[in-house]
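Q: Contents of input-v4.cif (mmCIF, C-alpha atoms) are given next:
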data_coords
#
loop_
_atom_site.group_PDB
_atom_site.id
_atom_site.type_symbol
_atom_site.label_atom_id
_atom_site.label_comp_id
_atom_site.auth_asym_id
_atom_site.auth_seq_id
_atom_site.Cartn_x
_atom_site.Cartn_y
_atom_site.Cartn_z
ATOM 1 C CA MET U 360 52.857 75.027 19.701
ATOM 2 C CA GLU U 361 52.664 78.802 19.613
ATOM 3 C CA ILE U 362 49.873 79.972 21.887
ATOM 4 C CA THR U 363 49.030 83.651 21.523
ATOM 5 C CA GLU U 364 45.959 85.748 22.299
ATOM 6 C CA LYS U 365 45.335 86.031 18.551
ATOM 7 C CA ASN U 366 45.420 82.251 18.103
ATOM 8 C CA ILE U 367 43.202 81.657 21.132
ATOM 9 C CA LYS U 368 40.547 84.024 19.743
ATOM 10 C CA MET U 369 40.779 82.464 16.292
ATOM 11 C CA TRP U 370 40.452 78.934 17.676
ATOM 12 C CA SER U 371 37.413 80.046 19.673
ATOM 13 C CA ILE U 372 35.742 81.477 16.558
ATOM 14 C CA ILE U 373 36.248 78.378 14.401
ATOM 15 C CA GLY U 374 35.424 76.034 17.286
ATOM 16 C CA PRO U 375 37.230 73.027 18.749
ATOM 17 C CA ARG U 376 36.423 70.696 15.846
ATOM 18 C CA ALA U 377 38.195 72.848 13.240
ATOM 19 C CA THR U 378 40.928 73.586 15.770
ATOM 20 C CA VAL U 379 41.854 69.882 15.700
ATOM 21 C CA GLY U 380 43.109 70.264 12.133
ATOM 22 C CA LEU U 381 45.127 73.396 12.881
ATOM 23 C CA ALA U 382 46.714 71.726 15.902
ATOM 24 C CA ALA U 383 47.716 68.706 13.813
ATOM 25 C CA LEU U 384 49.137 70.989 11.109
ATOM 26 C CA ASP U 385 51.349 72.752 13.633
ATOM 27 C CA LEU U 386 52.428 69.570 15.429
ATOM 28 C CA ALA U 387 53.404 67.847 12.182
ATOM 29 C CA LYS U 388 56.097 70.464 11.561
ATOM 30 C CA ASN U 389 58.093 69.159 14.525
ATOM 31 C CA ILE U 390 56.952 65.542 14.887
ATOM 32 C CA LYS U 391 58.563 63.594 12.052
ATOM 33 C CA ASN U 392 56.810 60.313 12.838
ATOM 34 C CA LEU U 393 53.294 61.759 13.152
ATOM 35 C CA MET U 394 50.461 60.034 11.254
ATOM 36 C CA VAL U 395 46.863 61.281 11.087
ATOM 37 C CA LEU U 396 44.160 58.788 10.108
ATOM 38 C CA THR U 397 40.589 59.750 9.252
ATOM 39 C CA CYS U 398 37.431 58.168 7.922
ATOM 40 C CA ASP U 399 36.316 60.565 5.204
ATOM 41 C CA VAL U 400 36.222 63.573 7.542
ATOM 42 C CA SER U 401 39.151 65.731 6.438
ATOM 43 C CA THR U 402 36.895 68.779 5.999
ATOM 44 C CA SER U 403 34.782 68.085 9.080
ATOM 45 C CA ALA U 404 37.888 67.806 11.259
ATOM 46 C CA GLY U 405 39.569 70.856 9.720
ATOM 47 C CA LEU U 406 42.261 68.678 8.144
ATOM 48 C CA ASP U 407 42.173 69.826 4.504
ATOM 49 C CA ARG U 408 45.280 72.010 4.851
ATOM 50 C CA TYR U 409 47.056 69.247 6.766
ATOM 51 C CA ARG U 410 46.167 66.698 4.060
ATOM 52 C CA LYS U 411 47.578 68.926 1.317
ATOM 53 C CA THR U 412 50.681 69.993 3.276
ATOM 54 C CA PHE U 413 51.649 66.576 4.659
ATOM 55 C CA PRO U 414 50.179 63.942 2.303
ATOM 56 C CA GLU U 415 52.814 61.444 3.475
ATOM 57 C CA LYS U 416 51.565 61.818 7.044
ATOM 58 C CA TYR U 417 47.878 61.354 6.249
ATOM 59 C CA LEU U 418 45.685 58.337 5.533
ATOM 60 C CA ASP U 419 41.963 58.392 4.731
ATOM 61 C CA LEU U 420 40.539 54.952 5.404
ATOM 62 C CA GLY U 421 37.084 55.802 4.069
ATOM 63 C CA ILE U 422 33.954 54.787 5.952
ATOM 64 C CA ALA U 423 35.788 52.005 7.779
ATOM 65 C CA GLU U 424 36.311 53.021 11.383
ATOM 66 C CA GLN U 425 37.100 49.534 12.649
ATOM 67 C CA ASN U 426 39.824 49.198 10.044
ATOM 68 C CA MET U 427 41.151 52.640 11.007
ATOM 69 C CA ILE U 428 41.853 51.464 14.557
ATOM 70 C CA GLY U 429 43.596 48.341 13.244
ATOM 71 C CA VAL U 430 45.810 50.397 10.926
ATOM 72 C CA ALA U 431 46.490 52.895 13.715
ATOM 73 C CA ALA U 432 47.559 50.116 16.063
ATOM 74 C CA GLY U 433 49.889 48.730 13.405
ATOM 75 C CA LEU U 434 51.514 52.125 12.869
ATOM 76 C CA ALA U 435 51.833 52.606 16.634
ATOM 77 C CA SER U 436 53.608 49.253 16.886
ATOM 78 C CA GLU U 437 56.208 50.668 14.452
ATOM 79 C CA ASN U 438 56.778 53.695 16.705
ATOM 80 C CA PHE U 439 54.624 56.223 14.865
ATOM 81 C CA LYS U 440 52.732 58.828 16.867
ATOM 82 C CA VAL U 441 49.180 58.299 15.640
ATOM 83 C CA ILE U 442 46.061 60.467 15.694
ATOM 84 C CA THR U 443 42.735 59.013 14.563
ATOM 85 C CA THR U 444 39.644 61.143 14.160
ATOM 86 C CA THR U 445 36.059 60.892 13.003
ATOM 87 C CA PHE U 446 32.654 61.723 14.462
ATOM 88 C CA ALA U 447 32.463 60.630 18.090
ATOM 89 C CA PRO U 448 29.884 57.801 17.849
ATOM 90 C CA PHE U 449 31.817 56.186 15.001
ATOM 91 C CA GLN U 450 35.218 56.758 16.642
ATOM 92 C CA THR U 451 34.081 54.958 19.773
ATOM 93 C CA MET U 452 31.040 52.697 19.537
ATOM 94 C CA ARG U 453 31.448 51.441 15.989
ATOM 95 C CA CYS U 454 34.965 50.191 16.735
ATOM 96 C CA CYS U 455 34.661 49.462 20.449
ATOM 97 C CA GLU U 456 36.036 45.919 20.132
ATOM 98 C CA GLN U 457 39.061 47.109 18.165
ATOM 99 C CA ILE U 458 39.744 49.762 20.801
ATOM 100 C CA LYS U 459 39.494 47.132 23.514
ATOM 101 C CA VAL U 460 41.735 44.555 21.835
ATOM 102 C CA ASN U 461 44.285 46.661 19.937
ATOM 103 C CA LEU U 462 44.657 49.590 22.326
ATOM 104 C CA GLY U 463 43.446 48.453 25.746
ATOM 105 C CA TYR U 464 44.581 44.835 25.707
ATOM 106 C CA MET U 465 47.600 45.076 23.382
ATOM 107 C CA LYS U 466 48.575 48.502 24.807
ATOM 108 C CA GLN U 467 49.328 50.120 21.466
ATOM 109 C CA LYS U 468 49.312 53.901 21.931
ATOM 110 C CA VAL U 469 46.939 55.968 19.785
ATOM 111 C CA CYS U 470 45.390 59.426 20.260
ATOM 112 C CA MET U 471 41.726 59.105 19.275
ATOM 113 C CA ILE U 472 39.748 62.311 18.739
ATOM 114 C CA GLY U 473 35.973 62.041 18.714
ATOM 115 C CA ILE U 474 34.761 65.183 16.955
ATOM 116 C CA ALA U 475 31.278 66.642 17.473
ATOM 117 C CA SER U 476 30.476 64.646 20.585
ATOM 118 C CA GLY U 477 27.475 65.426 22.751
ATOM 119 C CA LEU U 478 24.500 67.097 21.064
ATOM 120 C CA VAL U 479 26.085 69.430 18.499
ATOM 121 C CA LEU U 480 24.952 67.287 15.531
ATOM 122 C CA GLY U 481 21.402 67.215 16.840
ATOM 123 C CA ASN U 482 19.880 68.100 13.483
ATOM 124 C CA LEU U 483 21.093 64.702 12.243
ATOM 125 C CA GLY U 484 19.414 62.910 15.150
ATOM 126 C CA TYR U 485 20.805 60.633 17.821
ATOM 127 C CA THR U 486 22.640 58.451 15.304
ATOM 128 C CA HIS U 487 25.168 61.291 15.157
ATOM 129 C CA CYS U 488 24.747 62.693 18.666
ATOM 130 C CA CYS U 489 27.042 60.964 21.143
ATOM 131 C CA ILE U 490 25.994 60.781 24.785
ATOM 132 C CA GLU U 491 27.483 57.356 25.567
ATOM 133 C CA ASP U 492 31.172 57.503 24.630
ATOM 134 C CA ILE U 493 32.630 58.185 28.084
ATOM 135 C CA GLY U 494 30.522 55.482 29.711
ATOM 136 C CA ILE U 495 31.598 52.895 27.139
ATOM 137 C CA LEU U 496 35.308 53.692 27.055
ATOM 138 C CA ARG U 497 35.671 54.307 30.792
ATOM 139 C CA SER U 498 35.356 50.556 31.386
ATOM 140 C CA ILE U 499 38.290 49.686 29.077
ATOM 141 C CA PRO U 500 41.644 49.395 30.898
ATOM 142 C CA ASN U 501 44.772 51.225 29.722
ATOM 143 C CA LEU U 502 42.798 54.118 28.240
ATOM 144 C CA THR U 503 42.788 57.802 29.231
ATOM 145 C CA ILE U 504 39.749 60.025 28.571
ATOM 146 C CA ILE U 505 39.931 63.824 28.219
ATOM 147 C CA SER U 506 37.034 66.223 27.659
ATOM 148 C CA PRO U 507 38.467 69.690 26.833
ATOM 149 C CA ALA U 508 36.609 72.784 28.025
ATOM 150 C CA ASP U 509 37.329 74.949 24.984
ATOM 151 C CA SER U 510 39.403 75.228 21.822
ATOM 152 C CA LEU U 511 42.625 76.137 23.622
ATOM 153 C CA GLU U 512 42.300 73.149 25.932
ATOM 154 C CA THR U 513 41.694 71.000 22.843
ATOM 155 C CA VAL U 514 45.088 72.076 21.491
ATOM 156 C CA LYS U 515 46.815 71.381 24.798
ATOM 157 C CA ALA U 516 45.061 68.018 25.190
ATOM 158 C CA ILE U 517 46.195 66.810 21.749
ATOM 159 C CA GLU U 518 49.784 67.818 22.378
ATOM 160 C CA SER U 519 49.775 66.150 25.811
ATOM 161 C CA ALA U 520 48.078 63.012 24.495
ATOM 162 C CA LEU U 521 50.811 62.420 21.902
ATOM 163 C CA ASN U 522 53.357 62.330 24.731
ATOM 164 C CA HIS U 523 51.207 60.312 27.142
ATOM 165 C CA ASN U 524 52.095 56.780 28.218
ATOM 166 C CA GLN U 525 48.898 55.141 26.939
ATOM 167 C CA SER U 526 46.093 55.585 24.438
ATOM 168 C CA VAL U 527 43.936 58.679 24.883
ATOM 169 C CA TYR U 528 40.391 59.462 23.808
ATOM 170 C CA ILE U 529 39.755 63.207 23.400
ATOM 171 C CA ARG U 530 36.052 64.050 23.446
ATOM 172 C CA ILE U 531 35.308 67.228 21.474
ATOM 173 C CA THR U 532 32.108 69.093 22.437
ATOM 174 C CA GLY U 533 30.813 72.506 21.453
ATOM 175 C CA SER U 534 30.465 74.345 18.154
ATOM 176 C CA ALA U 535 31.877 77.332 16.293
ATOM 177 C CA ASN U 536 32.021 80.612 18.235
ATOM 178 C CA ASN U 537 32.925 78.495 21.230
ATOM 179 C CA PRO U 538 33.126 80.382 24.565
ATOM 180 C CA MET U 539 36.687 80.996 25.722
ATOM 181 C CA VAL U 540 37.201 79.395 29.119
ATOM 182 C CA TYR U 541 40.902 80.217 28.951
ATOM 183 C CA LYS U 542 41.948 83.584 27.491
ATOM 184 C CA LYS U 543 45.680 83.026 27.911
ATOM 185 C CA ASP U 544 48.126 80.153 28.105
ATOM 186 C CA TYR U 545 48.086 77.973 31.228
ATOM 187 C CA SER U 546 49.535 74.777 32.611
ATOM 188 C CA PHE U 547 47.677 71.660 31.463
ATOM 189 C CA GLU U 548 48.468 68.233 32.857
ATOM 190 C CA ILE U 549 46.631 64.992 32.189
ATOM 191 C CA GLY U 550 45.075 63.731 35.421
ATOM 192 C CA LYS U 551 44.956 67.087 37.233
ATOM 193 C CA SER U 552 41.734 69.084 37.341
ATOM 194 C CA LEU U 553 41.700 72.880 37.285
ATOM 195 C CA THR U 554 39.823 75.183 39.654
ATOM 196 C CA MET U 555 38.126 77.929 37.639
ATOM 197 C CA LYS U 556 36.454 79.748 40.549
ATOM 198 C CA GLU U 557 36.703 79.462 44.305
ATOM 199 C CA GLY U 558 33.701 79.142 46.604
ATOM 200 C CA GLU U 559 32.955 77.679 49.994
ATOM 201 C CA ASP U 560 29.248 76.744 49.683
ATOM 202 C CA VAL U 561 28.869 74.536 46.616
ATOM 203 C CA VAL U 562 31.256 72.702 44.301
ATOM 204 C CA ILE U 563 30.413 72.247 40.616
ATOM 205 C CA PHE U 564 32.388 69.590 38.760
ATOM 206 C CA SER U 565 32.031 70.023 35.011
ATOM 207 C CA SER U 566 33.699 68.995 31.772
ATOM 208 C CA GLY U 567 33.714 69.954 28.115
ATOM 209 C CA SER U 568 31.169 72.503 26.946
ATOM 210 C CA MET U 569 29.579 72.695 30.387
ATOM 211 C CA VAL U 570 32.579 74.357 32.046
ATOM 212 C CA SER U 571 31.685 77.781 30.634
ATOM 213 C CA GLU U 572 28.036 77.306 31.655
ATOM 214 C CA SER U 573 29.133 76.370 35.183
ATOM 215 C CA ILE U 574 31.314 79.464 35.471
ATOM 216 C CA GLU U 575 28.388 81.670 34.405
ATOM 217 C CA ALA U 576 26.095 79.926 36.909
ATOM 218 C CA SER U 577 28.611 80.590 39.683
ATOM 219 C CA THR U 578 28.747 84.259 38.703
ATOM 220 C CA GLN U 579 24.942 84.527 38.793
ATOM 221 C CA LEU U 580 24.725 82.815 42.193
ATOM 222 C CA GLU U 581 27.116 85.329 43.705
ATOM 223 C CA LYS U 582 24.208 87.778 43.476
ATOM 224 C CA GLU U 583 22.347 85.490 45.899
ATOM 225 C CA ASN U 584 25.418 85.378 48.153
ATOM 226 C CA ILE U 585 26.005 81.727 47.259
ATOM 227 C CA LYS U 586 29.670 80.965 46.609
ATOM 228 C CA CYS U 587 30.330 78.149 44.155
ATOM 229 C CA LYS U 588 33.657 76.539 43.427
ATOM 230 C CA VAL U 589 33.879 75.499 39.762
ATOM 231 C CA VAL U 590 36.259 72.673 38.846
ATOM 232 C CA ASN U 591 37.125 71.716 35.278
ATOM 233 C CA VAL U 592 37.555 67.938 35.388
ATOM 234 C CA HIS U 593 39.083 67.639 31.932
ATOM 235 C CA THR U 594 40.579 64.210 32.645
ATOM 236 C CA ILE U 595 37.688 61.876 33.374
ATOM 237 C CA LYS U 596 39.890 58.792 33.393
ATOM 238 C CA PRO U 597 42.070 58.428 35.337
ATOM 239 C CA ILE U 598 40.144 60.758 37.612
ATOM 240 C CA ASN U 599 42.102 62.241 40.489
ATOM 241 C CA SER U 600 40.310 60.930 43.585
ATOM 242 C CA LYS U 601 42.419 62.909 46.071
ATOM 243 C CA GLU U 602 41.618 66.170 44.298
ATOM 244 C CA ILE U 603 37.899 65.386 44.167
ATOM 245 C CA ILE U 604 37.745 64.542 47.859
ATOM 246 C CA ASN U 605 39.626 67.717 48.727
ATOM 247 C CA HIS U 606 37.214 69.836 46.655
ATOM 248 C CA ILE U 607 34.084 68.496 48.376
ATOM 249 C CA LYS U 608 35.277 69.086 51.944
ATOM 250 C CA ASN U 609 32.817 71.210 53.954
ATOM 251 C CA LYS U 610 30.543 71.838 50.961
ATOM 252 C CA LYS U 611 26.763 72.040 51.313
ATOM 253 C CA LEU U 612 26.089 70.637 47.849
ATOM 254 C CA ILE U 613 27.934 68.825 45.045
ATOM 255 C CA LEU U 614 26.974 69.120 41.370
ATOM 256 C CA THR U 615 28.272 67.408 38.263
ATOM 257 C CA VAL U 616 27.429 68.907 34.873
ATOM 258 C CA GLU U 617 28.175 67.216 31.554
ATOM 259 C CA GLU U 618 26.956 66.988 27.969
ATOM 260 C CA HIS U 619 26.640 63.221 28.317
ATOM 261 C CA ASN U 620 24.266 60.643 29.687
ATOM 262 C CA ILE U 621 24.110 60.984 33.475
ATOM 263 C CA ILE U 622 24.933 57.258 33.541
ATOM 264 C CA GLY U 623 28.565 56.313 32.993
ATOM 265 C CA GLY U 624 30.148 59.737 32.620
ATOM 266 C CA LEU U 625 31.586 62.383 34.918
ATOM 267 C CA GLY U 626 28.694 62.150 37.384
ATOM 268 C CA SER U 627 29.156 58.409 37.734
ATOM 269 C CA ALA U 628 32.906 58.799 38.197
ATOM 270 C CA ILE U 629 32.407 61.381 40.965
ATOM 271 C CA SER U 630 29.736 59.274 42.679
ATOM 272 C CA GLU U 631 32.064 56.265 42.708
ATOM 273 C CA ILE U 632 34.642 58.330 44.568
ATOM 274 C CA ILE U 633 32.346 59.833 47.185
ATOM 275 C CA SER U 634 30.569 56.516 47.820
ATOM 276 C CA SER U 635 33.732 55.338 49.596
ATOM 277 C CA ILE U 636 33.867 58.201 52.100
ATOM 278 C CA GLU U 637 31.591 59.651 54.753
ATOM 279 C CA ILE U 638 29.932 62.797 53.493
ATOM 280 C CA LYS U 639 26.791 64.768 54.309
ATOM 281 C CA ALA U 640 26.514 66.855 51.138
ATOM 282 C CA LYS U 641 24.064 65.769 48.467
ATOM 283 C CA LEU U 642 25.267 64.917 44.958
ATOM 284 C CA VAL U 643 23.184 66.230 42.041
ATOM 285 C CA ARG U 644 24.034 64.991 38.550
ATOM 286 C CA LEU U 645 23.043 67.164 35.590
ATOM 287 C CA GLY U 646 23.224 65.812 32.058
ATOM 288 C CA ILE U 647 21.050 63.909 29.608
ATOM 289 C CA ASN U 648 18.621 61.784 31.583
ATOM 290 C CA ASP U 649 19.301 58.401 29.969
ATOM 291 C CA GLN U 650 17.041 58.918 26.981
ATOM 292 C CA TYR U 651 17.032 59.395 23.224
ATOM 293 C CA ASP U 652 14.853 62.225 21.984
ATOM 294 C CA LYS U 653 13.864 63.749 18.671
ATOM 295 C CA GLY U 654 16.541 65.666 16.803
ATOM 296 C CA GLY U 655 16.918 69.405 16.807
ATOM 297 C CA SER U 656 19.409 72.256 16.787
ATOM 298 C CA TYR U 657 22.293 72.262 19.238
ATOM 299 C CA ASN U 658 20.961 75.102 21.392
ATOM 300 C CA TYR U 659 17.461 73.632 21.342
ATOM 301 C CA LEU U 660 18.654 70.252 22.592
ATOM 302 C CA LYS U 661 20.914 71.773 25.236
ATOM 303 C CA ASP U 662 18.066 73.876 26.588
ATOM 304 C CA LYS U 663 15.623 70.965 26.436
ATOM 305 C CA ASN U 664 18.015 68.874 28.519
ATOM 306 C CA GLY U 665 18.754 71.681 30.968
ATOM 307 C CA LEU U 666 22.370 72.033 29.882
ATOM 308 C CA ASN U 667 22.694 75.750 30.526
ATOM 309 C CA PHE U 668 23.655 78.056 33.383
ATOM 310 C CA LYS U 669 20.010 78.860 34.199
ATOM 311 C CA LYS U 670 19.230 75.214 34.993
ATOM 312 C CA ILE U 671 22.407 74.927 37.066
ATOM 313 C CA VAL U 672 21.372 77.993 39.062
ATOM 314 C CA TYR U 673 17.833 76.641 39.485
ATOM 315 C CA ASP U 674 18.999 73.244 40.726
ATOM 316 C CA ILE U 675 21.435 74.750 43.203
ATOM 317 C CA LEU U 676 18.819 77.106 44.646
ATOM 318 C CA LYS U 677 16.279 74.290 44.786
ATOM 319 C CA ASN U 678 18.607 71.893 46.597
ATOM 320 C CA LEU U 679 19.725 74.586 49.036
ATOM 321 C CA ASN U 680 16.050 75.419 49.698
ATOM 322 C CA VAL U 681 16.514 78.988 48.503
ATOM 323 C CA LYS U 682 13.460 80.578 46.839
#
Now, as a test, write the supplied structure out as structure tokens.

A:
Amino acid sequence: MEITEKNIKMWSIIGPRATVGLAALDLAKNIKNLMVLTCDVSTSAGLDRYRKTFPEKYLDLGIAEQNMIGVAAGLASENFKVITTTFAPFQTMRCCEQIKVNLGYMKQKVCMIGIASGLVLGNLGYTHCCIEDIGILRSIPNLTIISPADSLETVKAIESALNHNQSVYIRITGSANNPMVYKKDYSFEIGKSLTMKEGEDVVIFSSGSMVSESIEASTQLEKENIKCKVVNVHTIKPINSKEIINHIKNKKLILTVEEHNIIGGLGSAISEIISSIEIKAKLVRLGINDQYDKGGSYNYLKDKNGLNFKKIVYDILKNLNVK
């Protein structure tokens, strides 16, 4: 795909969800056996232009997510490169058994894109919010999980997933006018995290929408002479244990930050790694504290759950006993 500064800015403005459709449109020009399957979300996933341009490469299965995975697995068995997409809770939890059997157990390869994960659909309540998807899918073998940090990383994740050796779930967080974590092209590789800032005092592991918040928190803490390393753990499964262990060496504090339940997601994955080694640094997990709340706007729910740079700064200062 052509990655230019103009495209990066445009993708940031429209947000990662709409960027999914533009990425598919571009990829379809060169991938003859590409098929995109949706469940009545062509507009929501930015796929209207794709649907009109490549009608032979598009199937709308209606409100039938379980059937979508079955059809996707069948197409994959006939050597099609398949993308499925719908809202994250329906892409994952509604068809969890089909994902387990057809993709995990039978090893058919499909790129699943869960749009609007996390809290961005908060005005529709927690039926449409998705804070459980990583925890559920992380326990299914033969499945890779990616949580892109911004719109550009969404593009790179989709392209990489189509060439990956197993099924991939791409978890899309954030909204329109999405902060640009990456302002130019870079090397993206499934299974390898990316260091966004260096620092010798604290390490912040983050994913998805929380990467930009973690970078801002690190910048603010520099004013207090606290140096924070920020690591974008875009691949949550398989997580790179050697990299994680290397990042936490000689750190005073370890943080994980995610727009997900603190149970089962990035924080759990990191804690599983460090539980097997001797370490003195404390682990603090920031996310949604295993609860369903009343609905509300995206920014309201993020702030209510402490998913912003101010809360990251506060927790780091608190745990380092800095007033």

Q: Select, from U:Glu617, U:Glu583, U:Glu548, U:Asp385, the residue with the minimum atom-to-atom distance to Asn599 (chain U), counting all atoms listed in the file.

A: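 That would be U:Glu548, the residue with the smallest distance to Asn599 (chain U).
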
Q: Applied to the shown file, which residues does the PyMOL selection byres ((chain U and resi 648) around 7) return, written as a list in words?

A: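 Written out, the selection comes to Asn620, Ile621, Gly646, Ile647, Asp649 and Gln650 of chain U.
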
Q: Report, in Å with one decimal, the straight-line distance from CA of Thr451 (chain U) to CA of Glu491 (chain U).

A: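 So the answer is 9.1 Å.
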
Q: Quick one: residues within 10 Å of (43.1, 54.3, 18.7) (file frame), counting all atoms listed in the file, please, as a compact mmCIF listing (two decimals) with C-alpha atoms, keeping the file's coordinate frame.

A:
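point_4.txt written:
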# COMPACT_ATOMS: atom_id res chain seq x y z
CA LEU U 396 44.16 58.79 10.11
CA GLN U 425 37.10 49.53 12.65
CA MET U 427 41.15 52.64 11.01
CA ILE U 428 41.85 51.46 14.56
CA GLY U 429 43.60 48.34 13.24
CA VAL U 430 45.81 50.40 10.93
CA ALA U 431 46.49 52.90 13.72
CA ALA U 432 47.56 50.12 16.06
CA ALA U 435 51.83 52.61 16.63
CA VAL U 441 49.18 58.30 15.64
CA ILE U 442 46.06 60.47 15.69
CA THR U 443 42.74 59.01 14.56
CA THR U 444 39.64 61.14 14.16
CA GLN U 450 35.22 56.76 16.64
CA THR U 451 34.08 54.96 19.77
CA CYS U 454 34.97 50.19 16.74
CA CYS U 455 34.66 49.46 20.45
CA GLN U 457 39.06 47.11 18.16
CA ILE U 458 39.74 49.76 20.80
CA LYS U 459 39.49 47.13 23.51
CA ASN U 461 44.28 46.66 19.94
CA LEU U 462 44.66 49.59 22.33
CA GLY U 463 43.45 48.45 25.75
CA GLN U 467 49.33 50.12 21.47
CA LYS U 468 49.31 53.90 21.93
CA VAL U 469 46.94 55.97 19.78
CA CYS U 470 45.39 59.43 20.26
CA MET U 471 41.73 59.10 19.27
CA ILE U 472 39.75 62.31 18.74
CA LEU U 502 42.80 54.12 28.24
CA SER U 526 46.09 55.58 24.44
CA VAL U 527 43.94 58.68 24.88
CA TYR U 528 40.39 59.46 23.81

Q: List the spatial neighbours of region 565-574 of chain U as a list in words - criterion: any atom at most 8 Å away, all atoms listed in the file, same-chain residues fewer than 4 positions off excluded.

A: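 Those residues are Ser506, Pro507, Ala508, Asp509, Arg530, Ile531, Thr532, Gly533, Pro538, Met539, Val540, Met555, Lys556, Thr578, Val589, Val590, Asn591, Val592, His593, Thr615, Val616, Glu617, Glu618, Leu625, Leu666, Asn667, Phe668 and Ile671 of chain U.
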
Q: Separation of CA of Lys582 (chain U) and CA of Lys663 (chain U), in Å?

A: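 Separation of CA of Lys582 (chain U) and CA of Lys663 (chain U): 25.4 Å.
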
Q: Nearest to Ile604 (chain U): which of U:Glu631, U:Glu581, U:Glu557, U:Glu518 is it, counting all atoms listed in the file?

A: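 Under the stated criterion, the closest residue is U:Glu631.
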
Q: For Gly624 (chain U), which of U:Val562, U:Cys489, U:Leu393, U:Ile603 is the closest residue, counting only C-alpha atoms?

A: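 The answer is U:Cys489, which sits nearest to Gly624 (chain U).
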
Q: At a cut-off of 9 Å, using all atoms listed in the file, what residues contact Gly550 (chain U)? Leave out same-chain residues fewer than 4 positions from it and give the result as number ranges by chain.

A: U: 503, 505, 592-599

Q: Let's have the selection written as a PDB file, in the frame of the given file, with C-alpha atoms.

A:
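Below is the file out-v1.pdb, written as the result:
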ATOM      1  CA  THR U 503      42.788  57.802  29.231  1.00  0.00           C
ATOM      2  CA  ILE U 505      39.931  63.824  28.219  1.00  0.00           C
ATOM      3  CA  VAL U 592      37.555  67.938  35.388  1.00  0.00           C
ATOM      4  CA  HIS U 593      39.083  67.639  31.932  1.00  0.00           C
ATOM      5  CA  THR U 594      40.579  64.210  32.645  1.00  0.00           C
ATOM      6  CA  ILE U 595      37.688  61.876  33.374  1.00  0.00           C
ATOM      7  CA  LYS U 596      39.890  58.792  33.393  1.00  0.00           C
ATOM      8  CA  PRO U 597      42.070  58.428  35.337  1.00  0.00           C
ATOM      9  CA  ILE U 598      40.144  60.758  37.612  1.00  0.00           C
ATOM     10  CA  ASN U 599      42.102  62.241  40.489  1.00  0.00           C
TER      11      ASN U 599
END

Q: Between U:Asn678, U:Gly484, U:His619, U:Ser627, which is the closest to Asp652 (chain U) once you count all atoms listed in the file?

A: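 Going through U:Asn678, U:Gly484, U:His619, U:Ser627 one by one, the smallest distance to Asp652 (chain U) is for U:Gly484.
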
Q: Extract, using all atoms listed in the file, all DNA, RNA and protein residues at most 12 Å from Val400 (chain U), discarding same-chain residues fewer than 5 positions from it, and format them as a compact mmCIF listing (two decimals) with C-alpha atoms, keeping the file's coordinate frame.

A:
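See selection.txt below for the written result:
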# COMPACT_ATOMS: atom_id res chain seq x y z
CA ARG U 376 36.42 70.70 15.85
CA ALA U 377 38.20 72.85 13.24
CA VAL U 379 41.85 69.88 15.70
CA GLY U 380 43.11 70.26 12.13
CA VAL U 395 46.86 61.28 11.09
CA GLY U 405 39.57 70.86 9.72
CA LEU U 406 42.26 68.68 8.14
CA ASP U 407 42.17 69.83 4.50
CA ARG U 410 46.17 66.70 4.06
CA TYR U 417 47.88 61.35 6.25
CA LEU U 418 45.68 58.34 5.53
CA ASP U 419 41.96 58.39 4.73
CA LEU U 420 40.54 54.95 5.40
CA GLY U 421 37.08 55.80 4.07
CA ILE U 422 33.95 54.79 5.95
CA ALA U 423 35.79 52.00 7.78
CA GLU U 424 36.31 53.02 11.38
CA THR U 443 42.74 59.01 14.56
CA THR U 444 39.64 61.14 14.16
CA THR U 445 36.06 60.89 13.00
CA PHE U 446 32.65 61.72 14.46
CA ALA U 447 32.46 60.63 18.09
CA PHE U 449 31.82 56.19 15.00
CA GLN U 450 35.22 56.76 16.64
CA ILE U 472 39.75 62.31 18.74
CA GLY U 473 35.97 62.04 18.71
CA ILE U 474 34.76 65.18 16.95
CA ALA U 475 31.28 66.64 17.47

Q: Have region 440-446 of chain U completed to N, CA and C atoms, please, and pass it along as a compact mmCIF listing (two decimals), in the frame of the given file.

A:
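So the final result, stored in result-v7.txt, reads:
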# COMPACT_ATOMS: atom_id res chain seq x y z
N LYS U 440 53.71 58.15 16.02
CA LYS U 440 52.73 58.83 16.87
C LYS U 440 51.47 58.99 16.03
N VAL U 441 50.37 58.42 16.49
CA VAL U 441 49.18 58.30 15.64
C VAL U 441 47.99 59.05 16.23
N ILE U 442 47.34 59.84 15.37
CA ILE U 442 46.06 60.47 15.69
C ILE U 442 45.00 59.86 14.79
N THR U 443 43.89 59.42 15.36
CA THR U 443 42.74 59.01 14.56
C THR U 443 41.60 59.97 14.88
N THR U 444 40.78 60.27 13.88
CA THR U 444 39.64 61.14 14.16
C THR U 444 38.50 60.90 13.19
N THR U 445 37.31 60.90 13.75
CA THR U 445 36.06 60.89 13.00
C THR U 445 34.98 61.31 14.00
N PHE U 446 33.73 61.31 13.56
CA PHE U 446 32.65 61.72 14.46
C PHE U 446 32.58 60.77 15.66
